[in-house]
Amino acid sequence: MSADAIVIRHCHGLDELRTCVALQKEIWNFSDAELIPLRMFVVAEKVGGQVMGAFDGADMIGFALSVPGTRSGRVYLHSHMLAVRQEHRNSGLGRRLKLLQREDALARGIELIEWTFDPLEIKNSYLNIEKLGAISRRYNINQYGITSSPLQGGLPSDRLIAEWWLKSRRVETLLATGKNPVFNQRTAIEVPAQIYEWKAAAETRIKAQEVQERNREQFLRAFDGALAVLGYERDSAGNGKFLLGAWDEVPRT
């Protein structure tokens with residue numbers, strides 16, 4: 001089945017929510033203690049969150065989970081988890097799930113969706129910044145502690161906070177033209193393509209940790225200076241680069 005034939009929709013009923021839990025286990029390989037349980041998916045669906053699935057016929061191949069939040073009097077959605085099976089990645093399904101989240105949020109009068117992401121993950125960073133138009137101006141150190149997922153490689157779970165301002169000029173320009181608005185780049189923060197192999201092997205993990213610690217300092221200093229991540233580049237060798245500049249389209253919250 002082609003990617004365009006895959007149906008993206010809200011999940012319905014306990015069986016589909018159980019499948020979300022099973023997919024979570026399959027994709028991240030968390031220990032049972034770290035899995036988001038069925039009850040949380042049920043609660044999210046009932047209290048104004050979102051549980052959306054990607055379906056290849058009757059087979060669920062991905063999902064997105066969000067929960068409602070408030071900060072400074074603003075209601076927003078926190079998109080806590082986005083998952084796509086390995087064989088269906090790089091086909092645009094993650095972006096389609098996010099765009100359905102946006103459509104649903106706007107229909108309910110919600111103009112902001114946030115989520116956390118690992119700044120060492122190059123493909124995901126590119127999706128968030130360049131394909132969705134999110135920005136980032138907050139950095140949380142070791143947000144979830146040292147997790148059991150092998151994808152983290154035993155490193156602290158440092159996270160950038162993505163802010164997706166759904167009706168901003170930035171996002172609407174990207175969706176209309178395929179490109180983010182031009183901005184004045186002030187600095188850049190680099191992620192080497194080798195980061196994945198460095199995290200995967202115990203003997204090279206120290207290299208990954210050095211990159212994480214170096215970049216952490218750079219992000220914190222840039223954000224203290226009121227800069228934001230506004231762009232992301234990947235070169236032919238697979239290296240990633242965050243591009244930062246000033247962004248004052250929406251007040252800081």
# chains A, B, ... in the order shown; residues from 1 in each chain; ligands from 1

$ closest_atom_pairs --of "region 90-122 of chain A" --to "region 50-66 of chain A" --cutoff "10 Å" --atoms "only C-alpha atoms" --output "CSV"
residue,atom,partner,partner_atom,distance
A:Leu93,CA,A:Ala54,CA,7.5
A:Gly94,CA,A:Gly62,CA,8.1
A:Arg96,CA,A:Ala54,CA,8.9
A:Leu97,CA,A:Ala64,CA,6.6
A:Lys98,CA,A:Ala64,CA,7.7
A:Leu100,CA,A:Met52,CA,8.2
A:Gln101,CA,A:Gln50,CA,7.4
A:Asp104,CA,A:Gln50,CA,8.5
A:Ala105,CA,A:Gln50,CA,9.0
A:Ile113,CA,A:Ser66,CA,8.8
A:Glu114,CA,A:Ser66,CA,9.2
A:Trp115,CA,A:Ser66,CA,8.7

$ select_by_dssp --residues "region 59-242 of chain A" --states "helix (DSSP H, G or I)" --output "PyMOL selection string"
chain A and resi 86-88+93-107+122-131+150-152+169-177+195-200+205-224

$ write_last_selection --atoms "C-alpha atoms" --output "PDB file, in the first residue's frame"
ATOM      1  CA  GLN A  86      10.416   1.141  11.250  1.00  0.00           C
ATOM      2  CA  GLU A  87       9.331  -0.094   7.808  1.00  0.00           C
ATOM      3  CA  HIS A  88       7.021   2.893   7.307  1.00  0.00           C
ATOM      4  CA  LEU A  93       3.543   9.633   8.088  1.00  0.00           C
ATOM      5  CA  GLY A  94       4.941  11.475  11.103  1.00  0.00           C
ATOM      6  CA  ARG A  95       4.230  14.805   9.438  1.00  0.00           C
ATOM      7  CA  ARG A  96       0.717  13.697   8.483  1.00  0.00           C
ATOM      8  CA  LEU A  97      -0.038  12.714  12.069  1.00  0.00           C
ATOM      9  CA  LYS A  98       1.199  16.101  13.250  1.00  0.00           C
ATOM     10  CA  LEU A  99      -0.893  17.943  10.673  1.00  0.00           C
ATOM     11  CA  LEU A 100      -4.014  16.099  11.848  1.00  0.00           C
ATOM     12  CA  GLN A 101      -3.139  17.177  15.390  1.00  0.00           C
ATOM     13  CA  ARG A 102      -2.957  20.768  14.116  1.00  0.00           C
ATOM     14  CA  GLU A 103      -6.280  20.527  12.305  1.00  0.00           C
ATOM     15  CA  ASP A 104      -8.000  19.103  15.370  1.00  0.00           C
ATOM     16  CA  ALA A 105      -6.444  21.694  17.711  1.00  0.00           C
ATOM     17  CA  LEU A 106      -7.454  24.642  15.544  1.00  0.00           C
ATOM     18  CA  ALA A 107     -11.001  23.316  15.292  1.00  0.00           C
ATOM     19  CA  ILE A 122      19.059  14.521  13.391  1.00  0.00           C
ATOM     20  CA  LYS A 123      16.086  13.332  11.303  1.00  0.00           C
ATOM     21  CA  ASN A 124      13.553  14.181  13.978  1.00  0.00           C
ATOM     22  CA  SER A 125      15.043  17.638  14.516  1.00  0.00           C
ATOM     23  CA  TYR A 126      14.820  18.312  10.778  1.00  0.00           C
ATOM     24  CA  LEU A 127      11.158  17.220  10.728  1.00  0.00           C
ATOM     25  CA  ASN A 128      10.235  19.416  13.668  1.00  0.00           C
ATOM     26  CA  ILE A 129      11.975  22.580  12.510  1.00  0.00           C
ATOM     27  CA  GLU A 130      11.986  22.422   8.713  1.00  0.00           C
ATOM     28  CA  LYS A 131       8.914  20.329   7.857  1.00  0.00           C
ATOM     29  CA  PRO A 150      18.408   1.629  23.883  1.00  0.00           C
ATOM     30  CA  LEU A 151      17.741   4.596  21.579  1.00  0.00           C
ATOM     31  CA  GLN A 152      18.979   6.896  24.355  1.00  0.00           C
ATOM     32  CA  ARG A 169       3.111  33.567  10.062  1.00  0.00           C
ATOM     33  CA  ARG A 170       6.035  31.121  10.220  1.00  0.00           C
ATOM     34  CA  VAL A 171       3.846  27.995  10.161  1.00  0.00           C
ATOM     35  CA  GLU A 172       1.324  29.345   7.669  1.00  0.00           C
ATOM     36  CA  THR A 173       4.142  30.433   5.333  1.00  0.00           C
ATOM     37  CA  LEU A 174       5.736  26.978   5.531  1.00  0.00           C
ATOM     38  CA  LEU A 175       2.471  25.159   4.834  1.00  0.00           C
ATOM     39  CA  ALA A 176       1.692  27.462   1.897  1.00  0.00           C
ATOM     40  CA  THR A 177       5.138  27.563   0.277  1.00  0.00           C
ATOM     41  CA  ILE A 195      26.247  10.331  16.923  1.00  0.00           C
ATOM     42  CA  TYR A 196      24.076   7.221  16.471  1.00  0.00           C
ATOM     43  CA  GLU A 197      26.974   4.760  16.304  1.00  0.00           C
ATOM     44  CA  TRP A 198      28.726   6.558  19.156  1.00  0.00           C
ATOM     45  CA  LYS A 199      25.645   6.147  21.378  1.00  0.00           C
ATOM     46  CA  ALA A 200      25.191   2.500  20.403  1.00  0.00           C
ATOM     47  CA  ARG A 205      29.607   6.514  24.202  1.00  0.00           C
ATOM     48  CA  ILE A 206      31.914   9.060  25.783  1.00  0.00           C
ATOM     49  CA  LYS A 207      32.148  10.795  22.389  1.00  0.00           C
ATOM     50  CA  ALA A 208      28.361  11.101  22.250  1.00  0.00           C
ATOM     51  CA  GLN A 209      28.318  12.433  25.795  1.00  0.00           C
ATOM     52  CA  GLU A 210      30.915  15.059  24.903  1.00  0.00           C
ATOM     53  CA  VAL A 211      28.745  16.245  22.010  1.00  0.00           C
ATOM     54  CA  GLN A 212      25.695  16.358  24.267  1.00  0.00           C
ATOM     55  CA  GLU A 213      27.481  18.365  26.969  1.00  0.00           C
ATOM     56  CA  ARG A 214      29.033  20.785  24.473  1.00  0.00           C
ATOM     57  CA  ASN A 215      25.723  21.399  22.730  1.00  0.00           C
ATOM     58  CA  ARG A 216      23.858  21.708  26.035  1.00  0.00           C
ATOM     59  CA  GLU A 217      26.085  24.612  27.024  1.00  0.00           C
ATOM     60  CA  GLN A 218      25.620  26.259  23.636  1.00  0.00           C
ATOM     61  CA  PHE A 219      21.828  25.936  23.708  1.00  0.00           C
ATOM     62  CA  LEU A 220      21.539  27.274  27.253  1.00  0.00           C
ATOM     63  CA  ARG A 221      23.757  30.244  26.446  1.00  0.00           C
ATOM     64  CA  ALA A 222      21.856  31.008  23.226  1.00  0.00           C
ATOM     65  CA  PHE A 223      18.456  30.764  24.908  1.00  0.00           C
ATOM     66  CA  ASP A 224      19.628  32.990  27.760  1.00  0.00           C
TER      67      ASP A 224
END

$ residues_around --residues "Phe183 (chain A)" --least-positions-apart "5" --cutoff "12 Å" --atoms "only C-alpha atoms" --output "number ranges by chain"
A: 170, 227-231, 243-249

$ write_last_selection --atoms "C-alpha atoms" --output "compact mmCIF listing (two decimals), in the first residue's frame"
# COMPACT_ATOMS: atom_id res chain seq x y z
CA ARG A 170 6.03 31.12 10.22
CA LEU A 227 17.72 33.37 20.60
CA ALA A 228 15.54 30.56 19.22
CA VAL A 229 16.05 27.60 16.92
CA LEU A 230 14.54 28.74 13.61
CA GLY A 231 16.22 26.49 11.05
CA LEU A 243 20.36 27.50 13.08
CA LEU A 244 19.46 30.10 15.67
CA GLY A 245 18.27 33.69 15.46
CA ALA A 246 15.90 36.16 17.09
CA TRP A 247 12.16 35.39 16.89
CA ASP A 248 9.59 37.69 18.40
CA GLU A 249 6.47 36.84 16.41

$ atom_distance --atom1 "CA of Trp165 (chain A)" --atom2 "CA of Val75 (chain A)"
12.3 Å

$ residues_around --residues "Pro192 (chain A)" --least-positions-apart "5" --cutoff "9 Å" --atoms "only C-alpha atoms" --output "VMD selection string"
chain A and resid 120 122 211 238 to 241

$ residues_around --residues "Ile146 (chain A)" --least-positions-apart "3" --cutoff "7 Å" --atoms "only C-alpha atoms" --output "JSON, numbers by chain"
{"A": [154, 155, 156, 157]}

$ closest_residue --among "A:Ile6, A:Ile110, A:Ala162, A:Ile135" --to "Thr70 (chain A)" --atoms "only C-alpha atoms"
A:Ile110

$ atom_distance --atom1 "CA of Tyr76 (chain A)" --atom2 "CA of Leu112 (chain A)"
5.1 Å

$ closest_residue --among "A:Ala226, A:Val43, A:Ala237, A:Leu132" --to "Lys179 (chain A)" --atoms "only C-alpha atoms"
A:Leu132

$ closest_residue --among "A:Lys25, A:Gln194, A:Ser91, A:His78" --to "Ala5 (chain A)" --atoms "only C-alpha atoms"
A:Ser91

$ select_by_dssp --residues "region 16-246 of chain A" --states "strand (DSSP E)" --output "PyMOL selection string"
chain A and resi 50-56+59-71+74-84+112-117+135-140+159-165+185-191+227-234+240-246

$ atom_distance --atom1 "CA of Ala83 (chain A)" --atom2 "CA of Leu23 (chain A)"
7.6 Å
